[in-house]
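Reviewing the structure listed below.
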Amino acid sequence: MTIEEVQEKLEKLRAEISYHDYRYYVLDNPVISDAQYDALMRELIKLEKQYPELITPDSPSMRVSGQPREGFTTLSHRLPMLSLANVMGEEELLDFDRRVRTSLLNEKIEYVVELKVDGLAVSLWYENGILERGATRGDGFTGEDITPNLKTIRSIPLRLQKPVPFLEVRGEAYMTKEIFLKLNQDRAEAGEPVFANPRNAAAGSLRQLDPSITASRKLNLFIYGLGDYKGTDFTTHAQSLNFLKEAGFPVSKDFRLFNDIKEVTEHCRRWEKQRFNLPYTIDGLVIKVNSLAQQKRLGATLKSPRWAIAYKFPAEQAQTEIKEIIIKVGRTGVLTPTAVLEPVRLAGTTVARATLHNEDIIKEKDIRVGDRVLVHKAGEIIPEVLEVLKTERRGTEEPFVMPAKCPVCQARVIRLAGEAATRCPNLTCPARQREGLIHFISRGAMDIAGLGQATIDNLLKAKLISDVADLYYLKFDDLVNLERMGPKSAQNLLAAIEKSKSNPLYRLVFAIGIIHVGERASRILAARFNTMECLMKSAFEELVVIPEIGPKIAASITAFFDLEQNRRLIAKLAQSGVKMGEKPPEKRVGALNLTPLLNKMFVVTGTLKNYTRDQVQEIIRKSGGKVTSSVSKNTDYILVGEEPGSKYTKALTLGIPVLREDEFLNLISSEIS
């Protein structure tokens, strides 16, 4: 193909992929399969690798790109992002309406009512239809530039369907309840601090210096309004929302128009009860004067607009009694204390248990068995003990003591220095086995369709399995007589188990359950070592220099493979036919011979002429090389552009080979045969 034909092909692929992103992430109505979508994305990435000079900022391939940054820069908002004043009940809402009507004497007033999603407010800037910048609200006048992180949110369009010269939109980035629960579960299993609620999780995810971490959190976003704009015009807020929807933005379908404040208050009362049915959390409703001309006349105070108000729902709390504190043992051996409560109705459901997280939190709050406590649902999801009602103590309450032995297998528990988690170290603990099996078959791991928790329990009860490798030795006769397992189901399950043998290596690395090794780290390790055997033999010093791994994960990996029972488990999986590695990187990618880069550690510094730093780092990684941000004795090459700085000086001191850009190109280029 000529360069013009390649460019035309790329533009067509980008437009097609962006359309399918919109169908899937905004409309929730995909029209192609995941496999078809993946094929389009692979074709795009393949072409962009061959022609990196044709990569554009709005390409779907750029949603997760670049290296972790040293810090955030600031970005001034063209128009202030003011916060909303709050009202807490019907009377205060009526007062707001009276103030509006006093200022707009004898004028017809219409209100738009929207859900107040509980997340992080952000601003997005588009120039000629292309996303250029994104920032947090900050102090309302200046926010943090988090553009690379916002680009990882799939519902945010990189190119608008209705471009205008300039458009600034405001929205709320949020995390769904399902993703929040899974994230906290994974963090608890890894002995890491959990997030208090989805809002904190969303804010923490967007303020990561590494965009790939943000991408792994699967955030979403609703656009709720405009900032500055040029090239279009509206008379009402509702018109602007409809325009934003047509431009490709995710706009909540739940906004409503009302002519009477009494109707607004009734709508607010309905949502107080309905909010618990949403897949995300809301903490109230936002009421806005619909007319933009009236908004302008009403104006604003130094902090808040006078034409909008937030109706906040009252926090749901309840008193109950702690009947017992029990211990749950997770797949990584973490002992999690849980309060068994006198059942109480809270946030739409009956609550009978509340996690207490760890021993330190119990001591900090002085929680005892028999205490009367105040409970709520953090983020409307997780039952949590807010405080102990110590004035109601009777003297019979019992302080909690973390058991010295695992309540399931009686192994002596341990607590590592610097961690809040107490763990059972016994890999053969029945509780760890069950949770480990459930993790192994999960979607992010080996993804064995048709194999759920109930079947795992039945297999354990029948003593057909004791570890994850046993799944691959099951026979038809083993399964067909299980409860709720007929001949067809047994055949389908065996087929799904067989299919999982060919999963990519990173899935297996994630599935075996190494402490602190999540899906992202598993991908990095699989790309670095290519085979399970090489990973098993890796030394701490070799692991710790890999970007995003670090000493904590490196120590966990070496400790895992030092255990003979774990090495036996891997051997058993290999013997069953589970794929233990990937093909080494191909010799050619387009016109590049990438073999010389295999397993070599690079540092890139200075300004390059032919590539951006991100592009050349991607070439190195895709070829099996490694990129790190700091120079050390483990560095194989330093690739130097103009004005390289202190890294170049340190490389010279250590005697590390220096490559100029033309030398790097000579190293990897070859004639096309």
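FYI, nothing fancy with the structure tokens labels: chains A, B, ... in order, residues from 1 per chain, ligands from 1 as they appear.
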Q.
So that I can see what lies close to stretch 549-565 of chain A, please list as an MDAnalysis selection string the residues with an atom at most 6 Å from it, counting only C-alpha atoms and leaving out residues fewer than 4 positions away in the same chain.
A. chainID A and resid 516 536 540 543:544
Q | Who sits within 12 Å of A:Ile638, only C-alpha atoms, same chain under 5 positions skipped, as number ranges by chain | A | A: 600-606, 617, 626-633, 644-652, 654-661, 663-664
Write the selection just made, keeping N, CA and C atoms, as a CSV table (one decimal), in the first residue's frame?
chain,number,residue,atom,x,y,z
A,600,LYS,N,16.7,-7.3,26.6
A,600,LYS,CA,17.7,-6.2,27.0
A,600,LYS,C,17.0,-5.1,27.7
A,601,MET,N,17.7,-4.5,28.7
A,601,MET,CA,17.1,-3.4,29.5
A,601,MET,C,17.6,-2.1,28.9
A,602,PHE,N,16.6,-1.2,28.5
A,602,PHE,CA,16.8,0.1,27.9
A,602,PHE,C,16.4,1.2,28.9
A,603,VAL,N,17.2,2.3,28.8
A,603,VAL,CA,16.7,3.6,29.4
A,603,VAL,C,16.7,4.6,28.2
A,604,VAL,N,15.6,5.3,28.0
A,604,VAL,CA,15.5,6.3,26.9
A,604,VAL,C,15.5,7.7,27.6
A,605,THR,N,16.4,8.6,27.0
A,605,THR,CA,16.5,9.9,27.6
A,605,THR,C,16.7,10.9,26.5
A,606,GLY,N,16.3,12.1,26.7
A,606,GLY,CA,16.5,13.2,25.7
A,606,GLY,C,15.4,13.2,24.7
A,617,GLN,N,9.7,3.4,23.1
A,617,GLN,CA,9.6,2.5,24.2
A,617,GLN,C,8.6,1.4,23.9
A,626,LYS,N,13.1,-4.5,27.5
A,626,LYS,CA,12.5,-3.9,28.7
A,626,LYS,C,12.9,-2.4,28.8
A,627,VAL,N,12.0,-1.6,29.4
A,627,VAL,CA,12.3,-0.2,29.5
A,627,VAL,C,12.2,0.2,31.0
A,628,THR,N,13.2,0.9,31.5
A,628,THR,CA,13.1,1.4,32.9
A,628,THR,C,13.4,2.9,32.9
A,629,SER,N,13.0,3.6,33.9
A,629,SER,CA,13.2,5.0,34.0
A,629,SER,C,14.5,5.4,34.6
A,630,SER,N,15.2,4.5,35.3
A,630,SER,CA,16.5,4.8,36.0
A,630,SER,C,17.6,4.0,35.5
A,631,VAL,N,18.8,4.6,35.5
A,631,VAL,CA,20.0,3.9,35.0
A,631,VAL,C,20.6,3.1,36.2
A,632,SER,N,21.0,1.9,36.0
A,632,SER,CA,21.7,1.1,37.0
A,632,SER,C,22.6,0.1,36.3
A,633,LYS,N,23.3,-0.7,37.1
A,633,LYS,CA,24.3,-1.7,36.5
A,633,LYS,C,23.5,-2.8,35.7
A,644,PRO,N,20.2,15.1,26.9
A,644,PRO,CA,19.8,13.9,27.7
A,644,PRO,C,19.9,14.0,29.2
A,645,GLY,N,20.7,14.9,29.7
A,645,GLY,CA,20.7,15.1,31.1
A,645,GLY,C,21.5,14.2,32.0
A,646,SER,N,21.1,14.0,33.3
A,646,SER,CA,21.9,13.3,34.2
A,646,SER,C,21.9,11.8,34.0
A,647,LYS,N,20.9,11.2,33.4
A,647,LYS,CA,20.9,9.8,33.1
A,647,LYS,C,22.1,9.4,32.2
A,648,TYR,N,22.3,10.3,31.2
A,648,TYR,CA,23.4,10.1,30.3
A,648,TYR,C,24.8,10.1,31.0
A,649,THR,N,24.9,11.0,31.9
A,649,THR,CA,26.2,11.1,32.7
A,649,THR,C,26.4,9.9,33.5
A,650,LYS,N,25.3,9.4,34.2
A,650,LYS,CA,25.4,8.2,35.0
A,650,LYS,C,25.8,7.0,34.2
A,651,ALA,N,25.2,6.9,33.0
A,651,ALA,CA,25.4,5.8,32.1
A,651,ALA,C,26.9,5.7,31.7
A,652,LEU,N,27.5,6.9,31.4
A,652,LEU,CA,28.9,7.0,31.1
A,652,LEU,C,29.8,6.5,32.3
A,654,LEU,N,29.0,4.4,34.6
A,654,LEU,CA,28.9,3.0,34.8
A,654,LEU,C,29.3,2.2,33.6
A,655,GLY,N,29.7,2.9,32.5
A,655,GLY,CA,30.2,2.1,31.3
A,655,GLY,C,29.1,1.5,30.5
A,656,ILE,N,27.9,2.0,30.6
A,656,ILE,CA,26.8,1.4,29.9
A,656,ILE,C,26.9,1.8,28.4
A,657,PRO,N,26.7,0.9,27.4
A,657,PRO,CA,26.7,1.3,26.0
A,657,PRO,C,25.7,2.3,25.7
A,658,VAL,N,26.1,3.3,24.9
A,658,VAL,CA,25.2,4.5,24.6
A,658,VAL,C,24.9,4.3,23.1
A,659,LEU,N,23.6,4.4,22.8
A,659,LEU,CA,23.1,4.4,21.4
A,659,LEU,C,22.5,5.8,21.1
A,660,ARG,N,23.0,6.3,20.0
A,660,ARG,CA,22.3,7.5,19.4
A,660,ARG,C,21.1,6.9,18.6
A,661,GLU,N,20.2,7.8,18.2
A,661,GLU,CA,19.0,7.4,17.5
A,661,GLU,C,19.3,6.6,16.2
A,663,GLU,N,22.0,5.0,15.6
A,663,GLU,CA,22.6,3.7,15.9
A,663,GLU,C,21.5,2.7,16.4
A,664,PHE,N,20.5,3.2,17.1
A,664,PHE,CA,19.4,2.3,17.5
A,664,PHE,C,18.6,1.8,16.2
Q: Apply DSSP to the structure's backbone, then extract all residues of stretch 256-324 of chain A labelled alpha helix (DSSP H) and return them as JSON, numbers by chain.
A: {"A": [261, 262, 263, 264, 265, 266, 267, 268, 269, 270, 271, 272, 273, 274, 292, 293, 294, 295, 296, 297, 298]}
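Residue nearest A:Ile515, chosen from A:Thr2, A:Gln50, A:Thr332, A:Asn200 and counting only C-alpha atoms: A:Thr332.
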Write out as a PDB file with N, CA and C atoms, in the first residue's frame the set of residues from stretch 301-455 of chain A that DSSP, computed on the backbone, places in strand (DSSP E or B).
ATOM      1  N   PRO A 305     -23.217  28.563  42.104  1.00  0.00           N
ATOM      2  CA  PRO A 305     -24.207  29.239  41.254  1.00  0.00           C
ATOM      3  C   PRO A 305     -25.514  29.428  42.012  1.00  0.00           C
ATOM      4  N   ALA A 308     -28.627  26.793  40.670  1.00  0.00           N
ATOM      5  CA  ALA A 308     -28.591  25.334  40.846  1.00  0.00           C
ATOM      6  C   ALA A 308     -28.404  25.009  42.314  1.00  0.00           C
ATOM      7  N   ILE A 309     -28.888  23.846  42.704  1.00  0.00           N
ATOM      8  CA  ILE A 309     -28.789  23.390  44.093  1.00  0.00           C
ATOM      9  C   ILE A 309     -28.675  21.872  44.099  1.00  0.00           C
ATOM     10  N   ALA A 310     -28.007  21.331  45.102  1.00  0.00           N
ATOM     11  CA  ALA A 310     -27.909  19.875  45.266  1.00  0.00           C
ATOM     12  C   ALA A 310     -28.823  19.443  46.405  1.00  0.00           C
ATOM     13  N   TYR A 311     -29.788  18.598  46.070  1.00  0.00           N
ATOM     14  CA  TYR A 311     -30.655  18.012  47.093  1.00  0.00           C
ATOM     15  C   TYR A 311     -29.966  16.745  47.593  1.00  0.00           C
ATOM     16  N   LYS A 312     -29.462  16.771  48.837  1.00  0.00           N
ATOM     17  CA  LYS A 312     -28.694  15.644  49.375  1.00  0.00           C
ATOM     18  C   LYS A 312     -29.609  14.691  50.132  1.00  0.00           C
ATOM     19  N   GLN A 317     -28.408   5.426  58.590  1.00  0.00           N
ATOM     20  CA  GLN A 317     -27.677   4.772  59.674  1.00  0.00           C
ATOM     21  C   GLN A 317     -28.664   4.015  60.550  1.00  0.00           C
ATOM     22  N   ALA A 318     -28.142   3.038  61.252  1.00  0.00           N
ATOM     23  CA  ALA A 318     -29.015   2.263  62.139  1.00  0.00           C
ATOM     24  C   ALA A 318     -28.202   1.748  63.322  1.00  0.00           C
ATOM     25  N   GLN A 319     -28.894   1.522  64.437  1.00  0.00           N
ATOM     26  CA  GLN A 319     -28.253   0.932  65.602  1.00  0.00           C
ATOM     27  C   GLN A 319     -28.553  -0.556  65.650  1.00  0.00           C
ATOM     28  N   THR A 320     -27.548  -1.322  66.038  1.00  0.00           N
ATOM     29  CA  THR A 320     -27.745  -2.755  66.196  1.00  0.00           C
ATOM     30  C   THR A 320     -26.712  -3.276  67.190  1.00  0.00           C
ATOM     31  N   GLU A 321     -26.667  -4.591  67.364  1.00  0.00           N
ATOM     32  CA  GLU A 321     -25.757  -5.196  68.343  1.00  0.00           C
ATOM     33  C   GLU A 321     -24.856  -6.216  67.663  1.00  0.00           C
ATOM     34  N   ILE A 322     -23.580  -6.228  68.069  1.00  0.00           N
ATOM     35  CA  ILE A 322     -22.641  -7.238  67.568  1.00  0.00           C
ATOM     36  C   ILE A 322     -22.818  -8.514  68.381  1.00  0.00           C
ATOM     37  N   LYS A 323     -23.313  -9.561  67.729  1.00  0.00           N
ATOM     38  CA  LYS A 323     -23.574 -10.832  68.419  1.00  0.00           C
ATOM     39  C   LYS A 323     -22.316 -11.692  68.505  1.00  0.00           C
ATOM     40  N   GLU A 324     -21.445 -11.539  67.475  1.00  0.00           N
ATOM     41  CA  GLU A 324     -20.274 -12.416  67.388  1.00  0.00           C
ATOM     42  C   GLU A 324     -19.287 -11.795  66.395  1.00  0.00           C
ATOM     43  N   ILE A 325     -18.009 -12.106  66.534  1.00  0.00           N
ATOM     44  CA  ILE A 325     -17.011 -11.747  65.534  1.00  0.00           C
ATOM     45  C   ILE A 325     -16.387 -13.031  65.014  1.00  0.00           C
ATOM     46  N   ILE A 326     -16.585 -13.294  63.719  1.00  0.00           N
ATOM     47  CA  ILE A 326     -16.073 -14.526  63.113  1.00  0.00           C
ATOM     48  C   ILE A 326     -14.921 -14.187  62.173  1.00  0.00           C
ATOM     49  N   ILE A 327     -14.173 -15.207  61.800  1.00  0.00           N
ATOM     50  CA  ILE A 327     -13.003 -15.032  60.937  1.00  0.00           C
ATOM     51  C   ILE A 327     -13.218 -15.773  59.625  1.00  0.00           C
ATOM     52  N   LYS A 328     -12.995 -15.054  58.507  1.00  0.00           N
ATOM     53  CA  LYS A 328     -13.021 -15.671  57.190  1.00  0.00           C
ATOM     54  C   LYS A 328     -11.588 -15.738  56.670  1.00  0.00           C
ATOM     55  N   VAL A 329     -11.219 -16.870  56.094  1.00  0.00           N
ATOM     56  CA  VAL A 329      -9.885 -17.047  55.531  1.00  0.00           C
ATOM     57  C   VAL A 329      -9.984 -16.996  54.012  1.00  0.00           C
ATOM     58  N   VAL A 334      -5.353 -14.471  54.075  1.00  0.00           N
ATOM     59  CA  VAL A 334      -5.680 -13.341  54.953  1.00  0.00           C
ATOM     60  C   VAL A 334      -6.872 -13.687  55.836  1.00  0.00           C
ATOM     61  N   LEU A 335      -6.718 -13.447  57.144  1.00  0.00           N
ATOM     62  CA  LEU A 335      -7.803 -13.646  58.096  1.00  0.00           C
ATOM     63  C   LEU A 335      -8.574 -12.329  58.230  1.00  0.00           C
ATOM     64  N   THR A 336      -9.837 -12.341  57.826  1.00  0.00           N
ATOM     65  CA  THR A 336     -10.654 -11.131  57.870  1.00  0.00           C
ATOM     66  C   THR A 336     -11.727 -11.272  58.942  1.00  0.00           C
ATOM     67  N   PRO A 337     -11.687 -10.423  59.983  1.00  0.00           N
ATOM     68  CA  PRO A 337     -12.736 -10.479  61.005  1.00  0.00           C
ATOM     69  C   PRO A 337     -14.028  -9.853  60.498  1.00  0.00           C
ATOM     70  N   THR A 338     -15.142 -10.477  60.794  1.00  0.00           N
ATOM     71  CA  THR A 338     -16.458 -10.008  60.355  1.00  0.00           C
ATOM     72  C   THR A 338     -17.408  -9.985  61.544  1.00  0.00           C
ATOM     73  N   ALA A 339     -18.136  -8.883  61.707  1.00  0.00           N
ATOM     74  CA  ALA A 339     -19.106  -8.766  62.792  1.00  0.00           C
ATOM     75  C   ALA A 339     -20.424  -9.398  62.376  1.00  0.00           C
ATOM     76  N   VAL A 340     -20.929 -10.317  63.183  1.00  0.00           N
ATOM     77  CA  VAL A 340     -22.277 -10.865  63.003  1.00  0.00           C
ATOM     78  C   VAL A 340     -23.228  -9.979  63.803  1.00  0.00           C
ATOM     79  N   LEU A 341     -24.183  -9.342  63.097  1.00  0.00           N
ATOM     80  CA  LEU A 341     -25.039  -8.336  63.705  1.00  0.00           C
ATOM     81  C   LEU A 341     -26.448  -8.860  63.965  1.00  0.00           C
ATOM     82  N   GLU A 342     -27.106  -8.238  64.919  1.00  0.00           N
ATOM     83  CA  GLU A 342     -28.550  -8.398  65.012  1.00  0.00           C
ATOM     84  C   GLU A 342     -29.115  -7.774  63.731  1.00  0.00           C
ATOM     85  N   PRO A 343     -29.845  -8.553  62.899  1.00  0.00           N
ATOM     86  CA  PRO A 343     -30.272  -8.043  61.584  1.00  0.00           C
ATOM     87  C   PRO A 343     -30.994  -6.708  61.681  1.00  0.00           C
ATOM     88  N   VAL A 344     -30.648  -5.802  60.750  1.00  0.00           N
ATOM     89  CA  VAL A 344     -31.232  -4.469  60.731  1.00  0.00           C
ATOM     90  C   VAL A 344     -31.420  -4.048  59.278  1.00  0.00           C
ATOM     91  N   ARG A 345     -32.493  -3.278  59.006  1.00  0.00           N
ATOM     92  CA  ARG A 345     -32.783  -2.813  57.653  1.00  0.00           C
ATOM     93  C   ARG A 345     -31.965  -1.566  57.358  1.00  0.00           C
ATOM     94  N   LEU A 346     -31.251  -1.571  56.214  1.00  0.00           N
ATOM     95  CA  LEU A 346     -30.358  -0.457  55.908  1.00  0.00           C
ATOM     96  C   LEU A 346     -30.164  -0.349  54.398  1.00  0.00           C
ATOM     97  N   THR A 349     -31.759  -3.042  52.091  1.00  0.00           N
ATOM     98  CA  THR A 349     -31.578  -4.476  52.334  1.00  0.00           C
ATOM     99  C   THR A 349     -31.446  -4.735  53.836  1.00  0.00           C
ATOM    100  N   THR A 350     -31.576  -6.004  54.204  1.00  0.00           N
ATOM    101  CA  THR A 350     -31.361  -6.412  55.587  1.00  0.00           C
ATOM    102  C   THR A 350     -29.885  -6.728  55.781  1.00  0.00           C
ATOM    103  N   VAL A 351     -29.270  -6.072  56.746  1.00  0.00           N
ATOM    104  CA  VAL A 351     -27.842  -6.247  57.012  1.00  0.00           C
ATOM    105  C   VAL A 351     -27.671  -7.116  58.250  1.00  0.00           C
ATOM    106  N   ALA A 352     -26.901  -8.193  58.095  1.00  0.00           N
ATOM    107  CA  ALA A 352     -26.656  -9.094  59.219  1.00  0.00           C
ATOM    108  C   ALA A 352     -25.170  -9.248  59.513  1.00  0.00           C
ATOM    109  N   ARG A 353     -24.312  -8.733  58.619  1.00  0.00           N
ATOM    110  CA  ARG A 353     -22.869  -8.836  58.825  1.00  0.00           C
ATOM    111  C   ARG A 353     -22.186  -7.560  58.347  1.00  0.00           C
ATOM    112  N   ALA A 354     -21.042  -7.267  58.937  1.00  0.00           N
ATOM    113  CA  ALA A 354     -20.242  -6.110  58.519  1.00  0.00           C
ATOM    114  C   ALA A 354     -18.775  -6.469  58.654  1.00  0.00           C
ATOM    115  N   THR A 355     -18.008  -6.246  57.581  1.00  0.00           N
ATOM    116  CA  THR A 355     -16.580  -6.536  57.662  1.00  0.00           C
ATOM    117  C   THR A 355     -15.899  -5.552  58.604  1.00  0.00           C
ATOM    118  N   ARG A 368     -16.166  -4.469  70.523  1.00  0.00           N
ATOM    119  CA  ARG A 368     -16.236  -5.674  71.354  1.00  0.00           C
ATOM    120  C   ARG A 368     -17.511  -6.452  71.044  1.00  0.00           C
ATOM    121  N   VAL A 369     -17.448  -7.754  71.271  1.00  0.00           N
ATOM    122  CA  VAL A 369     -18.641  -8.591  71.117  1.00  0.00           C
ATOM    123  C   VAL A 369     -19.653  -8.189  72.188  1.00  0.00           C
ATOM    124  N   ARG A 372     -23.341  -2.290  71.447  1.00  0.00           N
ATOM    125  CA  ARG A 372     -24.304  -1.603  70.598  1.00  0.00           C
ATOM    126  C   ARG A 372     -23.505  -0.687  69.679  1.00  0.00           C
ATOM    127  N   VAL A 373     -23.790  -0.726  68.386  1.00  0.00           N
ATOM    128  CA  VAL A 373     -22.991   0.024  67.427  1.00  0.00           C
ATOM    129  C   VAL A 373     -23.891   0.765  66.449  1.00  0.00           C
ATOM    130  N   LEU A 374     -23.311   1.796  65.831  1.00  0.00           N
ATOM    131  CA  LEU A 374     -23.976   2.525  64.762  1.00  0.00           C
ATOM    132  C   LEU A 374     -23.383   2.033  63.441  1.00  0.00           C
ATOM    133  N   VAL A 375     -24.244   1.573  62.531  1.00  0.00           N
ATOM    134  CA  VAL A 375     -23.774   1.036  61.258  1.00  0.00           C
ATOM    135  C   VAL A 375     -24.367   1.827  60.091  1.00  0.00           C
ATOM    136  N   HIS A 376     -23.655   1.803  58.982  1.00  0.00           N
ATOM    137  CA  HIS A 376     -24.164   2.364  57.733  1.00  0.00           C
ATOM    138  C   HIS A 376     -23.594   1.543  56.593  1.00  0.00           C
ATOM    139  N   LYS A 377     -23.986   1.896  55.370  1.00  0.00           N
ATOM    140  CA  LYS A 377     -23.407   1.242  54.197  1.00  0.00           C
ATOM    141  C   LYS A 377     -22.475   2.234  53.523  1.00  0.00           C
ATOM    142  N   ALA A 378     -21.178   1.961  53.550  1.00  0.00           N
ATOM    143  CA  ALA A 378     -20.204   2.834  52.902  1.00  0.00           C
ATOM    144  C   ALA A 378     -20.468   2.833  51.405  1.00  0.00           C
ATOM    145  N   ILE A 382     -21.157  -1.341  51.197  1.00  0.00           N
ATOM    146  CA  ILE A 382     -20.493  -2.202  52.176  1.00  0.00           C
ATOM    147  C   ILE A 382     -20.960  -1.867  53.588  1.00  0.00           C
ATOM    148  N   PRO A 383     -21.611  -2.791  54.270  1.00  0.00           N
ATOM    149  CA  PRO A 383     -21.981  -2.550  55.668  1.00  0.00           C
ATOM    150  C   PRO A 383     -20.733  -2.305  56.516  1.00  0.00           C
ATOM    151  N   GLU A 384     -20.789  -1.234  57.311  1.00  0.00           N
ATOM    152  CA  GLU A 384     -19.606  -0.831  58.074  1.00  0.00           C
ATOM    153  C   GLU A 384     -20.030  -0.345  59.456  1.00  0.00           C
ATOM    154  N   VAL A 385     -19.237  -0.691  60.448  1.00  0.00           N
ATOM    155  CA  VAL A 385     -19.460  -0.192  61.807  1.00  0.00           C
ATOM    156  C   VAL A 385     -18.850   1.202  61.900  1.00  0.00           C
ATOM    157  N   LEU A 386     -19.716   2.217  62.083  1.00  0.00           N
ATOM    158  CA  LEU A 386     -19.235   3.592  62.180  1.00  0.00           C
ATOM    159  C   LEU A 386     -18.598   3.879  63.533  1.00  0.00           C
ATOM    160  N   GLU A 387     -19.324   3.524  64.593  1.00  0.00           N
ATOM    161  CA  GLU A 387     -18.805   3.791  65.932  1.00  0.00           C
ATOM    162  C   GLU A 387     -19.498   2.911  66.955  1.00  0.00           C
ATOM    163  N   VAL A 388     -18.809   2.758  68.062  1.00  0.00           N
ATOM    164  CA  VAL A 388     -19.363   2.002  69.195  1.00  0.00           C
ATOM    165  C   VAL A 388     -20.122   2.965  70.102  1.00  0.00           C
ATOM    166  N   GLU A 398     -17.129  -8.331  75.361  1.00  0.00           N
ATOM    167  CA  GLU A 398     -15.853  -9.054  75.333  1.00  0.00           C
ATOM    168  C   GLU A 398     -14.920  -8.472  74.267  1.00  0.00           C
ATOM    169  N   PRO A 399     -13.706  -8.052  74.656  1.00  0.00           N
ATOM    170  CA  PRO A 399     -12.729  -7.554  73.669  1.00  0.00           C
ATOM    171  C   PRO A 399     -12.357  -8.651  72.668  1.00  0.00           C
ATOM    172  N   LYS A 405      -4.124 -19.243  65.850  1.00  0.00           N
ATOM    173  CA  LYS A 405      -4.127 -20.315  64.857  1.00  0.00           C
ATOM    174  C   LYS A 405      -5.258 -20.099  63.856  1.00  0.00           C
ATOM    175  N   ARG A 412      -0.412 -22.120  62.680  1.00  0.00           N
ATOM    176  CA  ARG A 412      -0.115 -20.883  63.398  1.00  0.00           C
ATOM    177  C   ARG A 412      -0.072 -19.724  62.405  1.00  0.00           C
ATOM    178  N   ILE A 414       0.530 -15.795  60.884  1.00  0.00           N
ATOM    179  CA  ILE A 414       1.656 -14.870  60.892  1.00  0.00           C
ATOM    180  C   ILE A 414       1.163 -13.479  60.506  1.00  0.00           C
ATOM    181  N   ARG A 423      -2.174 -13.616  58.374  1.00  0.00           N
ATOM    182  CA  ARG A 423      -2.341 -14.644  57.350  1.00  0.00           C
ATOM    183  C   ARG A 423      -2.149 -16.052  57.905  1.00  0.00           C
TER     184      ARG A 423
END
(Q) I'd like the contact shell of stretch 182-195 of chain A - 12 Å cut-off, only C-alpha atoms, skipping same-chain residues fewer than 6 positions apart - returned as number ranges by chain. (A) A: 175-176, 201-205, 213, 216-219, 328-337, 355-358, 360-361, 378-379, 381-382, 415-424, 432, 435-436, 439, 442-444, 510, 513-519, 552-553, 556
Could you write out the selected residues, including C-alpha atoms, as a compact mmCIF listing (two decimals), in the first residue's frame?
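Full text of result.txt as output:
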# COMPACT_ATOMS: atom_id res chain seq x y z
CA MET A 175 -16.83 3.51 39.63
CA THR A 176 -19.70 1.03 39.53
CA ALA A 201 -11.83 4.64 44.68
CA ALA A 202 -12.64 6.67 41.55
CA ALA A 203 -10.67 9.69 42.77
CA GLY A 204 -7.68 7.55 43.73
CA SER A 205 -7.78 5.75 40.40
CA ILE A 213 -3.44 1.48 36.66
CA SER A 216 -7.37 -1.44 35.06
CA ARG A 217 -9.97 0.16 37.38
CA LYS A 218 -12.58 0.35 34.55
CA LEU A 219 -14.00 3.76 35.44
CA LYS A 328 -13.02 -15.67 57.19
CA VAL A 329 -9.88 -17.05 55.53
CA GLY A 330 -9.31 -15.87 51.94
CA ARG A 331 -7.39 -17.44 49.07
CA THR A 332 -4.12 -15.68 50.00
CA GLY A 333 -4.52 -16.73 53.63
CA VAL A 334 -5.68 -13.34 54.95
CA LEU A 335 -7.80 -13.65 58.10
CA THR A 336 -10.65 -11.13 57.87
CA PRO A 337 -12.74 -10.48 61.00
CA THR A 355 -16.58 -6.54 57.66
CA LEU A 356 -14.17 -5.22 60.29
CA HIS A 357 -11.19 -5.40 57.89
CA ASN A 358 -8.35 -6.17 60.30
CA ASP A 360 -5.88 -2.71 63.92
CA ILE A 361 -9.25 -1.21 62.97
CA ALA A 378 -20.20 2.83 52.90
CA GLY A 379 -21.05 4.12 49.45
CA ILE A 381 -22.70 -0.90 49.37
CA ILE A 382 -20.49 -2.20 52.18
CA ARG A 415 1.65 -11.09 60.50
CA LEU A 416 4.37 -9.66 58.27
CA ALA A 417 6.16 -6.45 59.23
CA GLY A 418 4.53 -3.39 57.70
CA GLU A 419 1.23 -5.16 56.92
CA ALA A 420 -2.11 -4.92 58.70
CA ALA A 421 -3.12 -8.38 57.47
CA THR A 422 -2.82 -11.55 59.52
CA ARG A 423 -2.34 -14.64 57.35
CA CYS A 424 -2.58 -18.41 57.43
CA ARG A 432 -7.41 -21.28 50.93
CA GLU A 435 -11.02 -19.55 47.53
CA GLY A 436 -7.97 -20.30 45.39
CA HIS A 439 -10.09 -17.31 41.84
CA SER A 442 -12.72 -16.60 37.41
CA ARG A 443 -13.09 -14.46 34.29
CA GLY A 444 -9.86 -12.50 34.73
CA PHE A 510 -2.61 -14.43 37.58
CA GLY A 513 -2.64 -16.69 43.06
CA ILE A 514 0.77 -15.23 43.91
CA ILE A 515 0.27 -12.63 46.64
CA HIS A 516 0.42 -9.03 45.30
CA VAL A 517 0.49 -10.22 41.66
CA GLY A 518 -2.63 -8.84 39.99
CA GLU A 519 -3.68 -8.97 36.35
CA LYS A 552 7.29 -6.15 47.41
CA ILE A 553 6.02 -8.08 44.39
CA SER A 556 6.32 -12.44 46.90
Q. Can you tell me how far atom CA of A:Ile55 sits from atom CA of A:Asn29, in Å to one decimal?
A.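 Value for the atom CA of A:Ile55-atom CA of A:Asn29 distance: 28.4 Å.
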Q.
With only C-alpha atoms as the counted atoms, please give the residues lying no more than 12 Å from A:Leu54, apart from itself and same-chain residues fewer than 5 positions off, as an MDAnalysis selection string.
A. chainID A and resid 3:11 14 44:45 47:49 59 610:612 615
